[in-house]
Amino acid sequence: MKISREDVMRVAELAYLDLSETELETYRAQIDEILEYIGKLNELDTAKVEPMAQVLTGDQQADATLREDLVVPCAVAEDVLKHAPDPEPPYFRVPKVIER
Amino acid sequence: MTTNWTIDGVREALAAKKISAGELAGEFYKRIEARNPELNAYLALSPERARRQTDKIDALVAAGKPLPPLAGVPVAIKDVISTRGIKTTCGSKILENHIPAYDATAVERLEAAGAVILGKTNCDEFAMGSSNENSAYGPVKNPVAPDRVPGGSSGGSAAAVAAGLAVAALGTDTGGSIRQPGALCGIPAMMGSYGRVSRYGLIAFASSLDRIGPLATNVGDVAAILQVVAGRDPHDSTSTTTPVPDYRAELEKPVKGLRLGIPKEYFGEGMEAGVRQKIEAGIAIFKKLGCGLVEIRMPHTDYAIAAYYIIATAEASSNLARYDGVRYGLRVHGDSLLSMYRKTRGAGFGAEVKRRIVLGTYVLSAGYYDAYYLKGQRVRSLIAQDFRDAFTKVDAILTPTSPVPAFKLGERTDDPLQMYLADIYTVTGSLAGVPGISVPCGKVGGKLPVGLQIFGSAFGEARVLQLAHAFEQAGGASV
């Protein structure tokens with residue numbers, strides 16, 4: 001077994017994701033099978049291979065330098081807040097974060 | 001009334017005043033009204049926005065002014081691509097009421113070129129799936145066989161175009177999500193190189209893999225759409241300044257003498273016999289066209305799915321952290337901020353998305369990062385190297401797009417790994433960043449379409465289109 005029930009619970013907690021009992025077990029079994037399959041990567045010796053962190057090669061990259069710091073209009077705040085779940089313009093309201 | 005509109009056909013009809021842009025859009029909305037209840041290809045329609053655009057185009061026609069390249073062309077946009085003022089749900093309950101405050105660059109460019117946006121198309125939730133069965137708003141039916149899937153994740157875009165409910169559509173491709181539904185619905189569908197089309201306004205799934213691209217009824221139209229949306233956008237730092245050639249001019253260039261690689265690894269077990277027979281017949285067409293066929297090896301192909309599902313889920317787990325119920329979309333109330341996050345995400349995401357968040361978080365978590373994520377990235381290097389090596393020997397690579405034609409709805413939903421394995425021929429090019437197209441290549445049993453995939457080298461879109469066009473003109477669709 002590659003992944004335990006506790007692993008799934010720990011990961012769900014890291015991802016702030018509520019999972020039901022059924023989901024926990026279903027995902028555990030399915031992810032276990034997927035990780036088993038992924039294990040085939042260990043057939044490859046990659047000790048001397050650099051990880052591919054960028055898709056574009058240097059000569060394809062558009063900006064070797066940073067763009068100029070220009071102020072441009074961006075008047076979307078009202079629109080954005082209009083569709084927020086609990087807006088209190090100009091803020092988003094959330095449940096209390098700090099306990100006294 | 002013409003039933004099979006093309007971009008050229010629309011332009012000629014408008015110029016000859018046979019139809020107005022407004023009437024044409026109206027005709028498409030009628031078709032949608034008639035067929036969408038069955039197909040479920042569209043999630044939202046945007047008739048007011050379409051009307052504003054057709055008024056503009058019709059005014060140009062009336063004034064005898066020159067028309068932009070896509071004037072009056074009715075198009076559909078996959079629902080993971082932001083459209084200002086039009087609901088953009090990503091096929092997810094968590095964004096059920098999300099109305100973007102801005103347009104994606106690709107959408108802005110299509111409209112600037114005269115295209116008329118009819119509406120938003122159904123897709124797997126956050127583009128995660130290969131059958132469109134992961135949409136929170138119900139599956140899309142394949143127009144050629146309504147008991148079958150259209151492929152995914154851009155299933156709505158492919159079905160809309162194949163059923164004549166749009167002249168062309170934008171889809172997105174992360175591991176095959178444009179090419180595979182294109183193949184299963186029997187239309188050409190293309191992803192350009194990574195960096196060719198701006199991702200600004202594309203709601204992110206896996207940022208190092210996601211690409212926007214066109215689906216249409218013929219290769220010329222695919223080229224015309226790509227032409228408009230391609231090119232540098234200051235809003236996306238990964239969009240490149242590599243020049244965009246005139247794709248439609250390149251289409252007509254002769255393909256005689258080009259060397260085409262046939263990678264042995266793509267013709268092993270797992271491919272359905274009917275698909276194999278069509279692909280072999282398709283390859284024979286290229287031989288008849290005077291292309292040289294070269295057997296090549298791409299030794300790391302068999303590891304691509306494993307590497308892909310590490311990298312894509314890792315990036316997804318990070319990208320989808322933004323759905324926390326604070327700024328947009330669903331909020332489920334909790335008595336603390338963290339409980340609100342957990343409940344919102346638990347209730348708002350569907351099963352496949354949750355599964356991928358769990359897997360992606362796991363492969364990035366302390367103690368597993370090196371074994372999984374870093375390993376996946378190293379293997380990604382090897383796969384990209386396979387492509388670079390191949391392109392020192394050949395001008396393009398031919399493969400099947402999908403090992404199977406459209407399968408029955410519900411047939412594969414219980415087994416995620418089996419569903420992942422359906423992406424076996426498409427994820428390689430996604431990982432390598434190269435362009436790829438799927439073109440129709442016959443039908444299994446005279447009914448279910450097969451797609452032939454053509455890969456080109458990075459920023460070699462023109463070559464890919466040229467070969468696809470030659471194949472289409474030579475009758476590839478009916479081999």
# chains A, B, ... in the order shown; residues from 1 in each chain; ligands from 1

$ residues_around --residues "Ala162 of chain B" --least-positions-apart "2" --cutoff "10 Å" --atoms "only C-alpha atoms" --output "PDB file with N, CA and C atoms, in the first residue's frame"
ATOM      1  N   ASN B   4     -23.287  23.972 -43.711  1.00  0.00           N
ATOM      2  CA  ASN B   4     -21.910  23.861 -43.243  1.00  0.00           C
ATOM      3  C   ASN B   4     -21.138  25.144 -43.506  1.00  0.00           C
ATOM      4  N   ASN B 142     -21.966  13.050 -27.733  1.00  0.00           N
ATOM      5  CA  ASN B 142     -21.253  13.140 -29.008  1.00  0.00           C
ATOM      6  C   ASN B 142     -22.267  13.254 -30.153  1.00  0.00           C
ATOM      7  N   PRO B 143     -22.181  14.311 -30.967  1.00  0.00           N
ATOM      8  CA  PRO B 143     -23.194  14.479 -32.017  1.00  0.00           C
ATOM      9  C   PRO B 143     -23.219  13.337 -33.034  1.00  0.00           C
ATOM     10  N   VAL B 144     -22.127  12.637 -33.236  1.00  0.00           N
ATOM     11  CA  VAL B 144     -22.155  11.537 -34.197  1.00  0.00           C
ATOM     12  C   VAL B 144     -22.753  10.262 -33.602  1.00  0.00           C
ATOM     13  N   PRO B 150     -18.140  12.821 -26.036  1.00  0.00           N
ATOM     14  CA  PRO B 150     -17.513  13.610 -27.087  1.00  0.00           C
ATOM     15  C   PRO B 150     -15.999  13.706 -26.888  1.00  0.00           C
ATOM     16  N   GLY B 156     -17.607  20.152 -25.003  1.00  0.00           N
ATOM     17  CA  GLY B 156     -18.665  21.040 -25.474  1.00  0.00           C
ATOM     18  C   GLY B 156     -18.240  21.791 -26.723  1.00  0.00           C
ATOM     19  N   SER B 157     -16.989  22.257 -26.746  1.00  0.00           N
ATOM     20  CA  SER B 157     -16.482  22.983 -27.919  1.00  0.00           C
ATOM     21  C   SER B 157     -16.455  22.062 -29.141  1.00  0.00           C
ATOM     22  N   ALA B 158     -15.984  20.830 -28.948  1.00  0.00           N
ATOM     23  CA  ALA B 158     -15.899  19.885 -30.066  1.00  0.00           C
ATOM     24  C   ALA B 158     -17.288  19.512 -30.558  1.00  0.00           C
ATOM     25  N   ALA B 159     -18.209  19.239 -29.637  1.00  0.00           N
ATOM     26  CA  ALA B 159     -19.563  18.842 -30.023  1.00  0.00           C
ATOM     27  C   ALA B 159     -20.273  19.996 -30.728  1.00  0.00           C
ATOM     28  N   ALA B 160     -20.092  21.218 -30.228  1.00  0.00           N
ATOM     29  CA  ALA B 160     -20.759  22.379 -30.828  1.00  0.00           C
ATOM     30  C   ALA B 160     -20.317  22.535 -32.284  1.00  0.00           C
ATOM     31  N   GLY B 164     -22.491  21.646 -35.930  1.00  0.00           N
ATOM     32  CA  GLY B 164     -22.871  22.847 -36.663  1.00  0.00           C
ATOM     33  C   GLY B 164     -23.521  23.906 -35.794  1.00  0.00           C
ATOM     34  N   LEU B 165     -23.201  23.912 -34.486  1.00  0.00           N
ATOM     35  CA  LEU B 165     -23.747  24.918 -33.576  1.00  0.00           C
ATOM     36  C   LEU B 165     -22.767  26.064 -33.364  1.00  0.00           C
ATOM     37  N   ALA B 166     -21.637  26.040 -34.080  1.00  0.00           N
ATOM     38  CA  ALA B 166     -20.672  27.134 -34.118  1.00  0.00           C
ATOM     39  C   ALA B 166     -19.776  26.838 -35.314  1.00  0.00           C
ATOM     40  N   VAL B 167     -19.222  27.889 -35.918  1.00  0.00           N
ATOM     41  CA  VAL B 167     -18.311  27.668 -37.054  1.00  0.00           C
ATOM     42  C   VAL B 167     -16.953  27.208 -36.537  1.00  0.00           C
ATOM     43  N   ALA B 168     -16.580  27.737 -35.368  1.00  0.00           N
ATOM     44  CA  ALA B 168     -15.319  27.347 -34.754  1.00  0.00           C
ATOM     45  C   ALA B 168     -15.453  27.574 -33.253  1.00  0.00           C
ATOM     46  N   GLY B 182     -11.524  16.592 -30.354  1.00  0.00           N
ATOM     47  CA  GLY B 182     -11.541  16.833 -31.798  1.00  0.00           C
ATOM     48  C   GLY B 182     -11.568  15.502 -32.542  1.00  0.00           C
ATOM     49  N   LEU B 184     -12.503  12.482 -31.362  1.00  0.00           N
ATOM     50  CA  LEU B 184     -13.701  11.693 -31.090  1.00  0.00           C
ATOM     51  C   LEU B 184     -14.954  12.268 -31.760  1.00  0.00           C
ATOM     52  N   CYS B 185     -14.935  13.586 -32.045  1.00  0.00           N
ATOM     53  CA  CYS B 185     -16.092  14.198 -32.720  1.00  0.00           C
ATOM     54  C   CYS B 185     -15.853  14.367 -34.225  1.00  0.00           C
ATOM     55  N   GLY B 186     -14.636  14.034 -34.700  1.00  0.00           N
ATOM     56  CA  GLY B 186     -14.392  14.056 -36.142  1.00  0.00           C
ATOM     57  C   GLY B 186     -14.119  15.429 -36.731  1.00  0.00           C
ATOM     58  N   ILE B 187     -13.428  16.300 -35.985  1.00  0.00           N
ATOM     59  CA  ILE B 187     -13.061  17.621 -36.524  1.00  0.00           C
ATOM     60  C   ILE B 187     -11.582  17.909 -36.241  1.00  0.00           C
ATOM     61  N   PRO B 188     -10.960  18.789 -37.060  1.00  0.00           N
ATOM     62  CA  PRO B 188      -9.586  19.170 -36.746  1.00  0.00           C
ATOM     63  C   PRO B 188      -9.525  20.065 -35.509  1.00  0.00           C
ATOM     64  N   LEU B 215     -10.725  24.750 -32.485  1.00  0.00           N
ATOM     65  CA  LEU B 215     -11.386  23.597 -33.096  1.00  0.00           C
ATOM     66  C   LEU B 215     -12.274  24.161 -34.201  1.00  0.00           C
ATOM     67  N   ALA B 216     -12.294  23.517 -35.372  1.00  0.00           N
ATOM     68  CA  ALA B 216     -13.097  24.027 -36.482  1.00  0.00           C
ATOM     69  C   ALA B 216     -13.468  22.861 -37.392  1.00  0.00           C
ATOM     70  N   THR B 217     -14.163  23.148 -38.497  1.00  0.00           N
ATOM     71  CA  THR B 217     -14.593  22.053 -39.370  1.00  0.00           C
ATOM     72  C   THR B 217     -13.568  21.730 -40.447  1.00  0.00           C
TER      73      THR B 217
END

$ interface_residues --of "chain B" --to "chain A" --cutoff "6 Å" --atoms "only C-alpha atoms" --output "ChimeraX atom specification"
/B:101,240-241,306,327-328,336-337,342-343,345-346,362,377-378,381

$ write_last_selection --atoms "N, CA and C atoms" --output "CSV table (one decimal), in the first residue's frame"
chain,number,residue,atom,x,y,z
B,101,ALA,N,-14.8,39.9,-14.6
B,101,ALA,CA,-14.7,41.4,-14.8
B,101,ALA,C,-13.9,41.7,-16.0
B,240,THR,N,5.2,34.3,-26.1
B,240,THR,CA,6.5,34.7,-26.6
B,240,THR,C,6.4,35.7,-27.7
B,241,THR,N,7.6,36.3,-28.0
B,241,THR,CA,7.7,37.3,-29.1
B,241,THR,C,8.1,36.6,-30.4
B,306,ALA,N,2.6,8.8,-16.3
B,306,ALA,CA,2.9,8.9,-14.9
B,306,ALA,C,3.5,10.3,-14.6
B,327,ARG,N,-13.4,35.6,-2.4
B,327,ARG,CA,-13.5,36.7,-3.4
B,327,ARG,C,-14.5,36.4,-4.5
B,328,TYR,N,-14.7,35.1,-4.8
B,328,TYR,CA,-15.6,34.8,-5.9
B,328,TYR,C,-16.2,33.4,-5.7
B,336,SER,N,-15.5,29.6,11.5
B,336,SER,CA,-14.1,30.2,11.5
B,336,SER,C,-13.7,30.3,10.0
B,337,LEU,N,-12.7,31.1,9.8
B,337,LEU,CA,-12.2,31.2,8.4
B,337,LEU,C,-11.8,29.9,7.8
B,342,ARG,N,-12.7,25.0,4.3
B,342,ARG,CA,-12.8,23.5,4.2
B,342,ARG,C,-14.2,23.2,3.6
B,343,LYS,N,-15.2,23.8,4.2
B,343,LYS,CA,-16.6,23.5,3.8
B,343,LYS,C,-16.9,23.9,2.4
B,345,ARG,N,-14.7,24.3,-0.1
B,345,ARG,CA,-14.0,23.5,-1.1
B,345,ARG,C,-14.6,22.1,-1.1
B,346,GLY,N,-15.0,21.6,0.1
B,346,GLY,CA,-15.6,20.2,0.1
B,346,GLY,C,-16.9,20.2,-0.7
B,362,TYR,N,-0.4,15.7,-2.2
B,362,TYR,CA,0.5,14.6,-1.7
B,362,TYR,C,1.9,14.6,-2.4
B,377,GLN,N,9.4,15.8,-12.9
B,377,GLN,CA,10.0,16.9,-13.7
B,377,GLN,C,11.3,16.4,-14.4
B,378,ARG,N,12.0,15.5,-13.8
B,378,ARG,CA,13.2,14.9,-14.5
B,378,ARG,C,12.8,14.1,-15.7
B,381,SER,N,11.9,16.2,-18.6
B,381,SER,CA,13.1,16.6,-19.4
B,381,SER,C,13.4,15.5,-20.4

$ select_by_dssp --residues "segment 266-468 of chain B" --states "strand (DSSP E or B)" --output "list in words"
Gly292, Leu293, Val294, Glu295, Ile296, Ala396, Ile397, Leu398, Thr399, Pro400, Lys408, Gly436, Ile437, Ser438, Val439, Pro440, Cys441, Gly442, Lys443, Val444, Leu448, Pro449, Val450, Gly451, Leu452, Gln453, Ile454 and Phe455 of chain B

$ write_last_selection --atoms "C-alpha atoms" --output "JSON list (two decimals), in the first residue's frame"
[["chain", "number", "residue", "atom", "x", "y", "z"],
["B", 292, "GLY", "CA", 9.28, 10.16, -46.60],
["B", 293, "LEU", "CA", 8.28, 7.89, -43.72],
["B", 294, "VAL", "CA", 10.95, 7.25, -41.10],
["B", 295, "GLU", "CA", 10.60, 4.82, -38.24],
["B", 296, "ILE", "CA", 11.85, 6.56, -35.09],
["B", 396, "ALA", "CA", 7.00, 16.12, -38.11],
["B", 397, "ILE", "CA", 5.74, 13.11, -36.16],
["B", 398, "LEU", "CA", 2.61, 11.09, -36.95],
["B", 399, "THR", "CA", 0.70, 9.20, -34.26],
["B", 400, "PRO", "CA", -2.87, 8.26, -33.39],
["B", 408, "LYS", "CA", -20.10, 4.89, -24.27],
["B", 436, "GLY", "CA", 0.06, 19.23, -32.21],
["B", 437, "ILE", "CA", -3.08, 18.85, -34.25],
["B", 438, "SER", "CA", -5.64, 16.07, -34.56],
["B", 439, "VAL", "CA", -7.15, 15.69, -38.03],
["B", 440, "PRO", "CA", -10.05, 13.41, -39.00],
["B", 441, "CYS", "CA", -8.73, 10.10, -40.37],
["B", 442, "GLY", "CA", -11.64, 7.88, -41.28],
["B", 443, "LYS", "CA", -14.34, 6.30, -39.15],
["B", 444, "VAL", "CA", -14.38, 2.96, -37.38],
["B", 448, "LEU", "CA", -16.98, 6.59, -35.08],
["B", 449, "PRO", "CA", -14.32, 9.14, -36.07],
["B", 450, "VAL", "CA", -10.60, 8.50, -35.69],
["B", 451, "GLY", "CA", -8.04, 11.30, -35.29],
["B", 452, "LEU", "CA", -4.51, 11.31, -36.68],
["B", 453, "GLN", "CA", -2.13, 13.43, -34.62],
["B", 454, "ILE", "CA", 0.68, 15.49, -36.16],
["B", 455, "PHE", "CA", 3.35, 16.89, -33.84]]

$ residues_around --residues "segment 198-203 of chain B" --least-positions-apart "5" --cutoff "6 Å" --atoms "only C-alpha atoms" --output "MDAnalysis selection string"
chainID B and resid 80:82 104:105 233 236 239

$ write_last_selection --atoms "N, CA and C atoms" --output "PDB file, in the first residue's frame"
ATOM      1  N   VAL B  80     -13.841  27.570 -19.474  1.00  0.00           N
ATOM      2  CA  VAL B  80     -12.727  27.865 -18.558  1.00  0.00           C
ATOM      3  C   VAL B  80     -12.022  29.149 -18.985  1.00  0.00           C
ATOM      4  N   ILE B  81     -12.535  29.772 -20.053  1.00  0.00           N
ATOM      5  CA  ILE B  81     -11.918  30.987 -20.590  1.00  0.00           C
ATOM      6  C   ILE B  81     -12.812  32.172 -20.222  1.00  0.00           C
ATOM      7  N   SER B  82     -12.222  33.170 -19.584  1.00  0.00           N
ATOM      8  CA  SER B  82     -13.014  34.273 -19.020  1.00  0.00           C
ATOM      9  C   SER B  82     -13.630  35.151 -20.091  1.00  0.00           C
ATOM     10  N   ALA B 104     -10.587  37.248 -21.470  1.00  0.00           N
ATOM     11  CA  ALA B 104      -9.304  36.630 -21.801  1.00  0.00           C
ATOM     12  C   ALA B 104      -8.761  37.307 -23.068  1.00  0.00           C
ATOM     13  N   THR B 105      -7.448  37.363 -23.192  1.00  0.00           N
ATOM     14  CA  THR B 105      -6.847  37.981 -24.381  1.00  0.00           C
ATOM     15  C   THR B 105      -7.320  37.293 -25.662  1.00  0.00           C
ATOM     16  N   ASP B 233       1.537  38.687 -25.642  1.00  0.00           N
ATOM     17  CA  ASP B 233       0.584  39.468 -24.862  1.00  0.00           C
ATOM     18  C   ASP B 233       1.291  39.896 -23.583  1.00  0.00           C
ATOM     19  N   ASP B 236       0.693  38.053 -20.264  1.00  0.00           N
ATOM     20  CA  ASP B 236       1.133  36.681 -19.987  1.00  0.00           C
ATOM     21  C   ASP B 236       2.625  36.601 -20.275  1.00  0.00           C
ATOM     22  N   SER B 239       3.914  34.150 -22.818  1.00  0.00           N
ATOM     23  CA  SER B 239       3.606  34.265 -24.251  1.00  0.00           C
ATOM     24  C   SER B 239       4.839  34.867 -24.911  1.00  0.00           C
TER      25      SER B 239
END

$ select_by_dssp --residues "segment 109-152 of chain B" --states "alpha helix (DSSP H)" --output "VMD selection string"
chain B and resid 109 to 112

$ residues_around --residues "segment 106-114 of chain B" --least-positions-apart "3" --cutoff "6 Å" --atoms "only C-alpha atoms" --output "list in words"
Pro68, Pro69, Leu70, Ala71, Gly72 and Val229 of chain B

$ write_last_selection --atoms "N, CA and C atoms" --output "short mmCIF file (atom, residue, chain, number, x, y, z; two decimals), in the first residue's frame"
data_model
loop_
_atom_site.label_atom_id
_atom_site.label_comp_id
_atom_site.auth_asym_id
_atom_site.auth_seq_id
_atom_site.Cartn_x
_atom_site.Cartn_y
_atom_site.Cartn_z
N PRO B 68 -12.94 42.77 -41.17
CA PRO B 68 -11.83 42.08 -40.48
C PRO B 68 -11.87 40.57 -40.78
N PRO B 69 -10.77 39.86 -40.50
CA PRO B 69 -10.62 38.48 -40.97
C PRO B 69 -11.70 37.49 -40.52
N LEU B 70 -12.28 37.70 -39.34
CA LEU B 70 -13.29 36.75 -38.86
C LEU B 70 -14.67 37.41 -38.80
N ALA B 71 -14.89 38.41 -39.65
CA ALA B 71 -16.13 39.18 -39.59
C ALA B 71 -17.36 38.29 -39.61
N GLY B 72 -18.17 38.41 -38.56
CA GLY B 72 -19.45 37.72 -38.51
C GLY B 72 -19.39 36.24 -38.23
N VAL B 229 -5.47 34.54 -32.62
CA VAL B 229 -5.24 34.51 -31.17
C VAL B 229 -3.75 34.39 -30.80
#
